[in-house]
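For reference, target_34.cif is printed below; it contains mmCIF, C-alpha atoms; chains and numbers go by the auth columns.
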```cif
data_model
loop_
_atom_site.group_PDB
_atom_site.id
_atom_site.type_symbol
_atom_site.label_atom_id
_atom_site.label_comp_id
_atom_site.label_asym_id
_atom_site.label_seq_id
_atom_site.Cartn_x
_atom_site.Cartn_y
_atom_site.Cartn_z
_atom_site.B_iso_or_equiv
_atom_site.auth_seq_id
_atom_site.auth_asym_id
ATOM 1 C CA MET A 1 16.481 24.462 -8.121 0.00 3 A
ATOM 2 C CA ALA A 2 12.755 23.785 -8.014 0.00 4 A
ATOM 3 C CA ALA A 3 11.765 21.910 -4.874 0.00 5 A
ATOM 4 C CA GLU A 4 8.621 20.250 -3.630 0.00 6 A
ATOM 5 C CA ILE A 5 8.034 20.117 0.126 0.00 7 A
ATOM 6 C CA GLU A 6 5.002 17.974 0.677 0.00 8 A
ATOM 7 C CA ARG A 7 3.343 16.021 3.467 0.00 9 A
ATOM 8 C CA LYS A 8 0.820 13.273 2.800 0.00 10 A
ATOM 9 C CA PHE A 9 -1.980 11.986 5.029 0.00 11 A
ATOM 10 C CA LEU A 10 -4.760 9.445 4.852 0.00 12 A
ATOM 11 C CA VAL A 11 -8.270 10.866 4.722 0.00 13 A
ATOM 12 C CA LYS A 12 -10.739 9.619 7.315 0.00 14 A
ATOM 13 C CA GLU A 13 -13.872 7.795 6.216 0.00 15 A
ATOM 14 C CA GLY A 14 -16.858 10.020 5.767 0.00 16 A
ATOM 15 C CA TRP A 15 -15.041 12.890 4.006 0.00 17 A
ATOM 16 C CA ARG A 16 -17.094 14.260 1.146 0.00 18 A
ATOM 17 C CA PRO A 17 -15.959 16.744 -1.505 0.00 19 A
ATOM 18 C CA GLN A 18 -17.506 20.206 -1.297 0.00 20 A
ATOM 19 C CA ALA A 19 -16.570 21.151 -4.882 0.00 21 A
ATOM 20 C CA ASN A 20 -15.990 19.574 -8.270 0.00 22 A
ATOM 21 C CA GLY A 21 -12.759 17.721 -8.688 0.00 23 A
ATOM 22 C CA VAL A 22 -10.586 17.287 -11.737 0.00 24 A
ATOM 23 C CA ARG A 23 -9.854 13.922 -13.321 0.00 25 A
ATOM 24 C CA ILE A 24 -6.183 12.923 -13.413 0.00 26 A
ATOM 25 C CA ALA A 25 -4.677 10.108 -15.453 0.00 27 A
ATOM 26 C CA GLN A 26 -0.963 9.445 -15.130 0.00 28 A
ATOM 27 C CA GLY A 27 1.792 7.010 -15.867 0.00 29 A
ATOM 28 C CA TYR A 28 5.547 6.812 -15.374 0.00 30 A
ATOM 29 C CA LEU A 29 8.326 6.706 -17.934 0.00 31 A
ATOM 30 C CA SER A 30 10.818 6.053 -15.096 0.00 32 A
ATOM 31 C CA THR A 31 10.287 4.963 -11.500 0.00 33 A
ATOM 32 C CA VAL A 32 13.873 4.471 -10.349 0.00 34 A
ATOM 33 C CA PRO A 33 14.366 6.025 -6.885 0.00 35 A
ATOM 34 C CA GLU A 34 16.906 8.577 -8.117 0.00 36 A
ATOM 35 C CA ARG A 35 14.358 10.065 -10.510 0.00 37 A
ATOM 36 C CA THR A 36 10.778 9.572 -11.512 0.00 38 A
ATOM 37 C CA VAL A 37 9.444 10.856 -14.794 0.00 39 A
ATOM 38 C CA ARG A 38 5.682 11.228 -14.839 0.00 40 A
ATOM 39 C CA VAL A 39 3.252 11.936 -17.672 0.00 41 A
ATOM 40 C CA ARG A 40 -0.065 13.352 -16.513 0.00 42 A
ATOM 41 C CA ILE A 41 -3.318 14.454 -18.047 0.00 43 A
ATOM 42 C CA LYS A 42 -5.095 16.756 -15.636 0.00 44 A
ATOM 43 C CA GLY A 43 -8.450 17.855 -16.938 0.00 45 A
ATOM 44 C CA GLU A 44 -7.738 18.938 -20.506 0.00 46 A
ATOM 45 C CA LYS A 45 -4.012 19.666 -20.089 0.00 47 A
ATOM 46 C CA GLY A 46 -0.891 17.521 -20.347 0.00 48 A
ATOM 47 C CA TYR A 47 2.170 17.679 -18.091 0.00 49 A
ATOM 48 C CA LEU A 48 5.615 16.120 -17.913 0.00 50 A
ATOM 49 C CA THR A 49 7.181 16.049 -14.443 0.00 51 A
ATOM 50 C CA VAL A 50 10.641 14.995 -13.302 0.00 52 A
ATOM 51 C CA LYS A 51 11.165 14.400 -9.580 0.00 53 A
ATOM 52 C CA GLY A 52 14.368 13.601 -7.709 0.00 54 A
ATOM 53 C CA ARG A 53 14.934 11.231 -4.803 0.00 55 A
ATOM 54 C CA ASN A 54 13.054 12.035 -1.613 0.00 56 A
ATOM 55 C CA ALA A 55 15.069 13.627 1.184 0.00 57 A
ATOM 56 C CA GLY A 56 12.513 13.495 3.968 0.00 58 A
ATOM 57 C CA ILE A 57 9.560 15.535 2.716 0.00 59 A
ATOM 58 C CA ARG A 58 11.655 17.518 0.193 0.00 60 A
ATOM 59 C CA ARG A 59 12.692 16.625 -3.328 0.00 61 A
ATOM 60 C CA ALA A 60 13.590 18.296 -6.595 0.00 62 A
ATOM 61 C CA GLU A 61 10.630 18.750 -8.917 0.00 63 A
ATOM 62 C CA TYR A 62 10.381 20.120 -12.444 0.00 64 A
ATOM 63 C CA GLU A 63 6.989 20.234 -14.126 0.00 65 A
ATOM 64 C CA TYR A 64 6.189 21.395 -17.651 0.00 66 A
ATOM 65 C CA GLU A 65 2.923 21.744 -19.518 0.00 67 A
ATOM 66 C CA ILE A 66 3.002 19.792 -22.779 0.00 68 A
ATOM 67 C CA PRO A 67 0.468 19.434 -25.595 0.00 69 A
ATOM 68 C CA LEU A 68 -2.446 17.184 -24.634 0.00 70 A
ATOM 69 C CA ALA A 69 -1.895 14.996 -27.704 0.00 71 A
ATOM 70 C CA ASP A 70 1.729 14.436 -26.658 0.00 72 A
ATOM 71 C CA ALA A 71 0.669 13.460 -23.124 0.00 73 A
ATOM 72 C CA GLU A 72 -1.877 11.006 -24.515 0.00 74 A
ATOM 73 C CA ALA A 73 0.767 9.417 -26.758 0.00 75 A
ATOM 74 C CA MET A 74 3.352 9.283 -23.934 0.00 76 A
ATOM 75 C CA LEU A 75 0.931 7.422 -21.644 0.00 77 A
ATOM 76 C CA ALA A 76 1.204 4.491 -24.054 0.00 78 A
ATOM 77 C CA LEU A 77 4.997 4.478 -23.466 0.00 79 A
ATOM 78 C CA CYS A 78 4.734 4.312 -19.675 0.00 80 A
ATOM 79 C CA GLU A 79 5.961 1.487 -17.477 0.00 81 A
ATOM 80 C CA GLN A 80 3.454 -1.277 -16.967 0.00 82 A
ATOM 81 C CA PRO A 81 3.843 -4.101 -14.423 0.00 83 A
ATOM 82 C CA ALA A 82 4.398 -7.442 -16.142 0.00 84 A
ATOM 83 C CA ARG A 83 1.328 -8.971 -14.494 0.00 85 A
ATOM 84 C CA SER A 84 -0.940 -6.078 -15.385 0.00 86 A
ATOM 85 C CA LEU A 85 -3.667 -6.395 -17.967 0.00 87 A
ATOM 86 C CA LEU A 86 -4.952 -2.916 -17.189 0.00 88 A
ATOM 87 C CA PRO A 87 -5.223 -0.419 -20.026 0.00 89 A
ATOM 88 C CA GLU A 88 -3.489 2.940 -19.753 0.00 90 A
ATOM 89 C CA PRO A 89 -3.494 5.132 -17.745 0.00 91 A
ATOM 90 C CA LEU A 90 -1.819 3.389 -14.848 0.00 92 A
ATOM 91 C CA ILE A 91 -3.045 5.731 -12.119 0.00 93 A
ATOM 92 C CA GLU A 92 -6.528 7.189 -12.177 0.00 94 A
ATOM 93 C CA LYS A 93 -7.864 9.589 -9.592 0.00 95 A
ATOM 94 C CA ARG A 94 -9.993 12.655 -9.027 0.00 96 A
ATOM 95 C CA ARG A 95 -8.374 15.604 -7.261 0.00 97 A
ATOM 96 C CA TYR A 96 -10.222 18.046 -5.039 0.00 98 A
ATOM 97 C CA LEU A 97 -8.703 21.315 -3.838 0.00 99 A
ATOM 98 C CA VAL A 98 -9.700 22.149 -0.274 0.00 100 A
ATOM 99 C CA PRO A 99 -8.655 25.535 1.175 0.00 101 A
ATOM 100 C CA TYR A 100 -8.046 25.409 4.918 0.00 102 A
ATOM 101 C CA GLU A 101 -6.420 28.013 7.158 0.00 103 A
ATOM 102 C CA GLY A 102 -4.049 29.530 4.625 0.00 104 A
ATOM 103 C CA TYR A 103 -3.144 26.395 2.673 0.00 105 A
ATOM 104 C CA THR A 104 -4.783 24.378 -0.065 0.00 106 A
ATOM 105 C CA TRP A 105 -5.045 20.660 0.559 0.00 107 A
ATOM 106 C CA GLU A 106 -5.105 18.366 -2.470 0.00 108 A
ATOM 107 C CA VAL A 107 -7.366 15.398 -1.809 0.00 109 A
ATOM 108 C CA ASP A 108 -6.940 12.514 -4.251 0.00 110 A
ATOM 109 C CA VAL A 109 -9.694 9.930 -4.541 0.00 111 A
ATOM 110 C CA PHE A 110 -8.228 7.001 -6.436 0.00 112 A
ATOM 111 C CA ALA A 111 -10.077 4.802 -8.920 0.00 113 A
ATOM 112 C CA GLY A 112 -9.319 1.611 -10.815 0.00 114 A
ATOM 113 C CA ALA A 113 -6.775 -0.678 -9.156 0.00 115 A
ATOM 114 C CA ASN A 114 -6.366 1.826 -6.301 0.00 116 A
ATOM 115 C CA GLU A 115 -10.062 2.363 -5.613 0.00 117 A
ATOM 116 C CA GLY A 116 -10.772 2.938 -1.927 0.00 118 A
ATOM 117 C CA LEU A 117 -7.571 4.893 -1.321 0.00 119 A
ATOM 118 C CA VAL A 118 -8.058 8.569 -0.417 0.00 120 A
ATOM 119 C CA VAL A 119 -5.064 10.733 0.497 0.00 121 A
ATOM 120 C CA ALA A 120 -4.571 14.416 1.236 0.00 122 A
ATOM 121 C CA GLU A 121 -1.370 16.302 0.447 0.00 123 A
ATOM 122 C CA ILE A 122 -0.231 19.721 1.543 0.00 124 A
ATOM 123 C CA GLU A 123 2.644 21.605 -0.084 0.00 125 A
ATOM 124 C CA LEU A 124 4.606 23.722 2.353 0.00 126 A
ATOM 125 C CA PRO A 125 7.019 26.651 1.965 0.00 127 A
ATOM 126 C CA ALA A 126 9.522 25.059 4.377 0.00 128 A
ATOM 127 C CA GLU A 127 10.031 21.656 5.978 0.00 129 A
ATOM 128 C CA ASP A 128 9.272 23.043 9.445 0.00 130 A
ATOM 129 C CA ALA A 129 6.270 25.158 8.396 0.00 131 A
ATOM 130 C CA ALA A 130 3.375 25.026 10.848 0.00 132 A
ATOM 131 C CA PHE A 131 -0.092 24.206 9.530 0.00 133 A
ATOM 132 C CA ALA A 132 -3.488 23.264 10.888 0.00 134 A
ATOM 133 C CA LYS A 133 -5.042 19.921 9.972 0.00 135 A
ATOM 134 C CA PRO A 134 -8.740 19.686 9.148 0.00 136 A
ATOM 135 C CA ASP A 135 -10.655 17.132 11.231 0.00 137 A
ATOM 136 C CA TRP A 136 -10.953 14.775 8.242 0.00 138 A
ATOM 137 C CA VAL A 137 -7.152 14.376 7.999 0.00 139 A
ATOM 138 C CA GLY A 138 -5.926 11.105 9.476 0.00 140 A
ATOM 139 C CA ALA A 139 -2.562 9.391 9.879 0.00 141 A
ATOM 140 C CA GLU A 140 0.509 10.807 8.173 0.00 142 A
ATOM 141 C CA VAL A 141 2.033 8.595 5.464 0.00 143 A
ATOM 142 C CA SER A 142 4.637 11.024 4.058 0.00 144 A
ATOM 143 C CA GLY A 143 7.567 8.616 4.397 0.00 145 A
ATOM 144 C CA ASP A 144 5.676 5.436 3.514 0.00 146 A
ATOM 145 C CA ALA A 145 6.722 4.492 -0.024 0.00 147 A
ATOM 146 C CA ARG A 146 3.589 2.364 -0.514 0.00 148 A
ATOM 147 C CA TYR A 147 1.626 5.588 -0.922 0.00 149 A
ATOM 148 C CA TYR A 148 3.852 7.063 -3.635 0.00 150 A
ATOM 149 C CA ASN A 149 1.956 7.112 -6.909 0.00 151 A
ATOM 150 C CA ALA A 150 4.943 5.488 -8.629 0.00 152 A
ATOM 151 C CA SER A 151 4.674 2.586 -6.144 0.00 153 A
ATOM 152 C CA LEU A 152 0.937 2.215 -6.638 0.00 154 A
ATOM 153 C CA ILE A 153 1.614 1.096 -10.213 0.00 155 A
ATOM 154 C CA ARG A 154 3.449 -2.051 -9.094 0.00 156 A
ATOM 155 C CA HIS A 155 1.553 -2.622 -5.853 0.00 157 A
ATOM 156 C CA PRO A 156 -1.969 -1.241 -6.208 0.00 158 A
ATOM 157 C CA TYR A 157 -4.060 -0.592 -3.142 0.00 159 A
ATOM 158 C CA ARG A 158 -6.501 -3.423 -3.970 0.00 160 A
ATOM 159 C CA ASP A 159 -3.650 -5.957 -3.456 0.00 161 A
ATOM 160 C CA TRP A 160 -2.632 -4.697 0.008 0.00 162 A
ATOM 161 C CA LYS A 161 -5.091 -6.800 1.959 0.00 163 A
#
```
Can the structure in the file be given as structure tokens, please?
Amino acid sequence: MAAEIERKFLVKEGWRPQANGVRIAQGYLSTVPERTVRVRIKGEKGYLTVKGRNAGIRRAEYEYEIPLADAEAMLALCEQPARSLLPEPLIEKRRYLVPYEGYTWEVDVFAGANEGLVVAEIELPAEDAAFAKPDWVGAEVSGDARYYNASLIRHPYRDWK
């Protein structure tokens, strides 16, 4: 079974990208806790991803590249909060890949309704894998459901205050 082992952290103020990022637009066909089904356009490619329920920092994950035109059409089918007047996509962000001491950190700078939120994720080979944190990595939010992209649809960062 494909598994994702991932830890998520806030990024401290003052971090600046050292390379070009890639634009990501994504929405969810299902956000029930037992499974999320995500449609994503990353750069010029489309993806469909199915993720299982979180078990700590591990969960099942299956991701497939799909035609870009299909991804664009599927975004229109994605869940939308009843109060939302936002156009698709539901989540917009720019991702930067930052190599650091043997791992690649993915830093997501959110836009739209989640503007101001910046998180860093690291995928690990095992739940107990050791890794070094860059000095711009702040508090860990791995288990905080507010920071799940699927949660940010219903409760965007701008509404947290």
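For Thr33 of chain A, the list of residues within 12 Å, based on only C-alpha atoms and with local chain neighbours fewer than 6 positions off taken out, reads Val39, Arg40, Val41, Thr51, Val52, Lys53, Gly54, Arg55, Cys80, Glu81, Gln82, Pro83, Tyr150, Asn151, Ala152, Ser153, Leu154, Ile155 and Arg156 of chain A.
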Writing out the chosen residues with C-alpha atoms as an mmCIF file, in the coordinates of the input:
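Wrote it out as selection_13.cif, contents follow:
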```cif
data_model
loop_
_atom_site.group_PDB
_atom_site.id
_atom_site.type_symbol
_atom_site.label_atom_id
_atom_site.label_comp_id
_atom_site.auth_asym_id
_atom_site.auth_seq_id
_atom_site.Cartn_x
_atom_site.Cartn_y
_atom_site.Cartn_z
ATOM 1 C CA VAL A 39 9.444 10.856 -14.794
ATOM 2 C CA ARG A 40 5.682 11.228 -14.839
ATOM 3 C CA VAL A 41 3.252 11.936 -17.672
ATOM 4 C CA THR A 51 7.181 16.049 -14.443
ATOM 5 C CA VAL A 52 10.641 14.995 -13.302
ATOM 6 C CA LYS A 53 11.165 14.400 -9.580
ATOM 7 C CA GLY A 54 14.368 13.601 -7.709
ATOM 8 C CA ARG A 55 14.934 11.231 -4.803
ATOM 9 C CA CYS A 80 4.734 4.312 -19.675
ATOM 10 C CA GLU A 81 5.961 1.487 -17.477
ATOM 11 C CA GLN A 82 3.454 -1.277 -16.967
ATOM 12 C CA PRO A 83 3.843 -4.101 -14.423
ATOM 13 C CA TYR A 150 3.852 7.063 -3.635
ATOM 14 C CA ASN A 151 1.956 7.112 -6.909
ATOM 15 C CA ALA A 152 4.943 5.488 -8.629
ATOM 16 C CA SER A 153 4.674 2.586 -6.144
ATOM 17 C CA LEU A 154 0.937 2.215 -6.638
ATOM 18 C CA ILE A 155 1.614 1.096 -10.213
ATOM 19 C CA ARG A 156 3.449 -2.051 -9.094
#
```
Given the file shown, enumerate the residues that the PyMOL selection byres ((chain A and resi 139) around 7) captures and present them as a PDB file with C-alpha atoms, keeping the file's coordinate frame.
```
ATOM      1  CA  PHE A  11      -1.980  11.986   5.029  1.00  0.00           C
ATOM      2  CA  LEU A  12      -4.760   9.445   4.852  1.00  0.00           C
ATOM      3  CA  VAL A  13      -8.270  10.866   4.722  1.00  0.00           C
ATOM      4  CA  LYS A  14     -10.739   9.619   7.315  1.00  0.00           C
ATOM      5  CA  LYS A 135      -5.042  19.921   9.972  1.00  0.00           C
ATOM      6  CA  PRO A 136      -8.740  19.686   9.148  1.00  0.00           C
ATOM      7  CA  ASP A 137     -10.655  17.132  11.231  1.00  0.00           C
ATOM      8  CA  TRP A 138     -10.953  14.775   8.242  1.00  0.00           C
ATOM      9  CA  GLY A 140      -5.926  11.105   9.476  1.00  0.00           C
TER      10      GLY A 140
END
```
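Atom CA of Arg9 of chain A to atom CA of Phe112 of chain A spans 17.7 Å [interatomic distance, one decimal].
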Got a sec to resolve the PyMOL selection byres ((chain A and resi 21-23) around 8) on this structure and send the residues as a PyMOL selection string?
chain A and resi 19-20+24-25+96-99
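Separating atom CA of Glu129 of chain A from atom CA of Val34 of chain A is a distance of 24.0 Å.
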Give me the result of the PyMOL selection byres ((chain A and resi 5) around 10) on this file, residue by residue, as a PyMOL selection string.
chain A and resi 3-4+6-8+53-54+60-64+127
So how many Å separate atom CA of Asp72 of chain A and atom CA of Ile93 of chain A, to one decimal?
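The value is 17.6 Å.
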Give as number ranges by chain the set of residues within 6 Å of the point (-3.9, 0.6, -12.9), where distances use the file's coordinates and all atoms listed in the file.
A: 88, 92-93, 114-115
Given the choices A:Ala147, A:Val100, A:Val109, A:Ala27, which gets closest to Ala73 of chain A if the distance is worked out from only C-alpha atoms?
A:Ala27
Build an axis-aligned box that encloses every atom of segment 54-58 of chain A listed in the file, pad it by 5 Å on each side, and report its centre and edge lengths in Å to one decimal, as AutoDock Vina command-line options.
```
--center_x 13.8 --center_y 12.4 --center_z -1.9 --size_x 12.6 --size_y 12.4 --size_z 21.7
```
Shell around Leu79 of chain A at 9 Å using only C-alpha atoms, local window under 2 positions removed, as a ChimeraX atom specification:
/A:29-31,75-77,81-82
Among listed residues A:Asp146, A:Ala132, A:Asp110, A:Lys47, nearest Arg18 of chain A (using all atoms listed in the file)
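Checking each candidate against Arg18 of chain A, we get A:Asp110 as the closest.
Candidate residues A:Ile59, A:Ile43, A:Leu50, A:Val120 were compared for distance to Ser144 of chain A, and the nearest is A:Ile59, using all atoms listed in the file.
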Nearest residue to Trp17 of chain A from the set A:Val111, A:Glu123, A:Gly58, A:Pro69 (distances using all atoms listed in the file):
A:Val111
Using only C-alpha atoms, the best pick from A:Lys10, A:Glu15, A:Ile26, A:Gly104 as closest to Arg148 of chain A would be A:Lys10
Is there a way to complete segment 70-81 of chain A with all heavy atoms and then write that out as a PDB file, in the coordinates of the input?
```pdb
ATOM      1  N   LEU A  70      -1.600  18.298 -25.072  1.00  0.00           N
ATOM      2  CA  LEU A  70      -2.446  17.184 -24.634  1.00  0.00           C
ATOM      3  C   LEU A  70      -2.219  15.955 -25.505  1.00  0.00           C
ATOM      4  O   LEU A  70      -2.114  14.836 -24.989  1.00  0.00           O
ATOM      5  CB  LEU A  70      -3.916  17.613 -24.652  1.00  0.00           C
ATOM      6  CG  LEU A  70      -4.932  16.568 -24.224  1.00  0.00           C
ATOM      7  CD1 LEU A  70      -4.686  16.121 -22.784  1.00  0.00           C
ATOM      8  CD2 LEU A  70      -6.347  17.124 -24.374  1.00  0.00           C
ATOM      9  N   ALA A  71      -2.110  16.136 -26.800  1.00  0.00           N
ATOM     10  CA  ALA A  71      -1.895  14.996 -27.704  1.00  0.00           C
ATOM     11  C   ALA A  71      -0.575  14.292 -27.391  1.00  0.00           C
ATOM     12  O   ALA A  71      -0.494  13.053 -27.461  1.00  0.00           O
ATOM     13  CB  ALA A  71      -1.924  15.455 -29.162  1.00  0.00           C
ATOM     14  N   ASP A  72       0.455  15.052 -27.034  1.00  0.00           N
ATOM     15  CA  ASP A  72       1.729  14.436 -26.658  1.00  0.00           C
ATOM     16  C   ASP A  72       1.578  13.631 -25.372  1.00  0.00           C
ATOM     17  O   ASP A  72       2.103  12.512 -25.255  1.00  0.00           O
ATOM     18  CB  ASP A  72       2.813  15.500 -26.468  1.00  0.00           C
ATOM     19  CG  ASP A  72       3.272  16.123 -27.780  1.00  0.00           C
ATOM     20  OD1 ASP A  72       2.778  15.732 -28.858  1.00  0.00           O
ATOM     21  OD2 ASP A  72       4.132  17.024 -27.719  1.00  0.00           O
ATOM     22  N   ALA A  73       0.883  14.178 -24.387  1.00  0.00           N
ATOM     23  CA  ALA A  73       0.669  13.460 -23.124  1.00  0.00           C
ATOM     24  C   ALA A  73      -0.090  12.160 -23.367  1.00  0.00           C
ATOM     25  O   ALA A  73       0.254  11.112 -22.810  1.00  0.00           O
ATOM     26  CB  ALA A  73      -0.065  14.351 -22.135  1.00  0.00           C
ATOM     27  N   GLU A  74      -1.106  12.219 -24.210  1.00  0.00           N
ATOM     28  CA  GLU A  74      -1.877  11.006 -24.515  1.00  0.00           C
ATOM     29  C   GLU A  74      -0.985   9.950 -25.164  1.00  0.00           C
ATOM     30  O   GLU A  74      -1.054   8.768 -24.811  1.00  0.00           O
ATOM     31  CB  GLU A  74      -3.055  11.356 -25.424  1.00  0.00           C
ATOM     32  CG  GLU A  74      -4.129  12.154 -24.711  1.00  0.00           C
ATOM     33  CD  GLU A  74      -5.177  12.739 -25.642  1.00  0.00           C
ATOM     34  OE1 GLU A  74      -4.927  12.832 -26.875  1.00  0.00           O
ATOM     35  OE2 GLU A  74      -6.250  13.127 -25.135  1.00  0.00           O
ATOM     36  N   ALA A  75      -0.132  10.359 -26.092  1.00  0.00           N
ATOM     37  CA  ALA A  75       0.767   9.417 -26.758  1.00  0.00           C
ATOM     38  C   ALA A  75       1.805   8.868 -25.784  1.00  0.00           C
ATOM     39  O   ALA A  75       2.144   7.682 -25.823  1.00  0.00           O
ATOM     40  CB  ALA A  75       1.451  10.099 -27.950  1.00  0.00           C
ATOM     41  N   MET A  76       2.334   9.722 -24.892  1.00  0.00           N
ATOM     42  CA  MET A  76       3.352   9.283 -23.934  1.00  0.00           C
ATOM     43  C   MET A  76       2.790   8.290 -22.926  1.00  0.00           C
ATOM     44  O   MET A  76       3.531   7.418 -22.446  1.00  0.00           O
ATOM     45  CB  MET A  76       3.939  10.484 -23.210  1.00  0.00           C
ATOM     46  CG  MET A  76       4.899  11.278 -24.028  1.00  0.00           C
ATOM     47  SD  MET A  76       5.609  12.599 -22.999  1.00  0.00           S
ATOM     48  CE  MET A  76       6.080  13.753 -24.256  1.00  0.00           C
ATOM     49  N   LEU A  77       1.517   8.385 -22.583  1.00  0.00           N
ATOM     50  CA  LEU A  77       0.931   7.422 -21.644  1.00  0.00           C
ATOM     51  C   LEU A  77       1.090   5.996 -22.161  1.00  0.00           C
ATOM     52  O   LEU A  77       1.280   5.064 -21.381  1.00  0.00           O
ATOM     53  CB  LEU A  77      -0.540   7.728 -21.371  1.00  0.00           C
ATOM     54  CG  LEU A  77      -0.809   8.831 -20.363  1.00  0.00           C
ATOM     55  CD1 LEU A  77      -2.307   9.095 -20.248  1.00  0.00           C
ATOM     56  CD2 LEU A  77      -0.228   8.510 -18.998  1.00  0.00           C
ATOM     57  N   ALA A  78       1.043   5.830 -23.470  1.00  0.00           N
ATOM     58  CA  ALA A  78       1.204   4.491 -24.054  1.00  0.00           C
ATOM     59  C   ALA A  78       2.636   3.975 -23.910  1.00  0.00           C
ATOM     60  O   ALA A  78       2.874   2.769 -24.022  1.00  0.00           O
ATOM     61  CB  ALA A  78       0.803   4.514 -25.527  1.00  0.00           C
ATOM     62  N   LEU A  79       3.592   4.864 -23.634  1.00  0.00           N
ATOM     63  CA  LEU A  79       4.997   4.478 -23.466  1.00  0.00           C
ATOM     64  C   LEU A  79       5.355   4.169 -22.016  1.00  0.00           C
ATOM     65  O   LEU A  79       6.468   3.733 -21.734  1.00  0.00           O
ATOM     66  CB  LEU A  79       5.912   5.602 -23.961  1.00  0.00           C
ATOM     67  CG  LEU A  79       5.771   6.025 -25.412  1.00  0.00           C
ATOM     68  CD1 LEU A  79       6.654   7.237 -25.693  1.00  0.00           C
ATOM     69  CD2 LEU A  79       6.106   4.874 -26.341  1.00  0.00           C
ATOM     70  N   CYS A  80       4.427   4.410 -21.106  1.00  0.00           N
ATOM     71  CA  CYS A  80       4.734   4.312 -19.675  1.00  0.00           C
ATOM     72  C   CYS A  80       4.953   2.889 -19.214  1.00  0.00           C
ATOM     73  O   CYS A  80       4.461   1.935 -19.817  1.00  0.00           O
ATOM     74  CB  CYS A  80       3.607   4.961 -18.867  1.00  0.00           C
ATOM     75  SG  CYS A  80       3.607   6.753 -19.018  1.00  0.00           S
ATOM     76  N   GLU A  81       5.701   2.778 -18.099  1.00  0.00           N
ATOM     77  CA  GLU A  81       5.961   1.487 -17.477  1.00  0.00           C
ATOM     78  C   GLU A  81       4.647   0.820 -17.121  1.00  0.00           C
ATOM     79  O   GLU A  81       3.693   1.455 -16.710  1.00  0.00           O
ATOM     80  CB  GLU A  81       6.787   1.677 -16.205  1.00  0.00           C
ATOM     81  CG  GLU A  81       8.182   2.191 -16.462  1.00  0.00           C
ATOM     82  CD  GLU A  81       8.962   2.395 -15.172  1.00  0.00           C
ATOM     83  OE1 GLU A  81       8.429   2.173 -14.074  1.00  0.00           O
ATOM     84  OE2 GLU A  81      10.139   2.779 -15.283  1.00  0.00           O
TER      85      GLU A  81
END
```
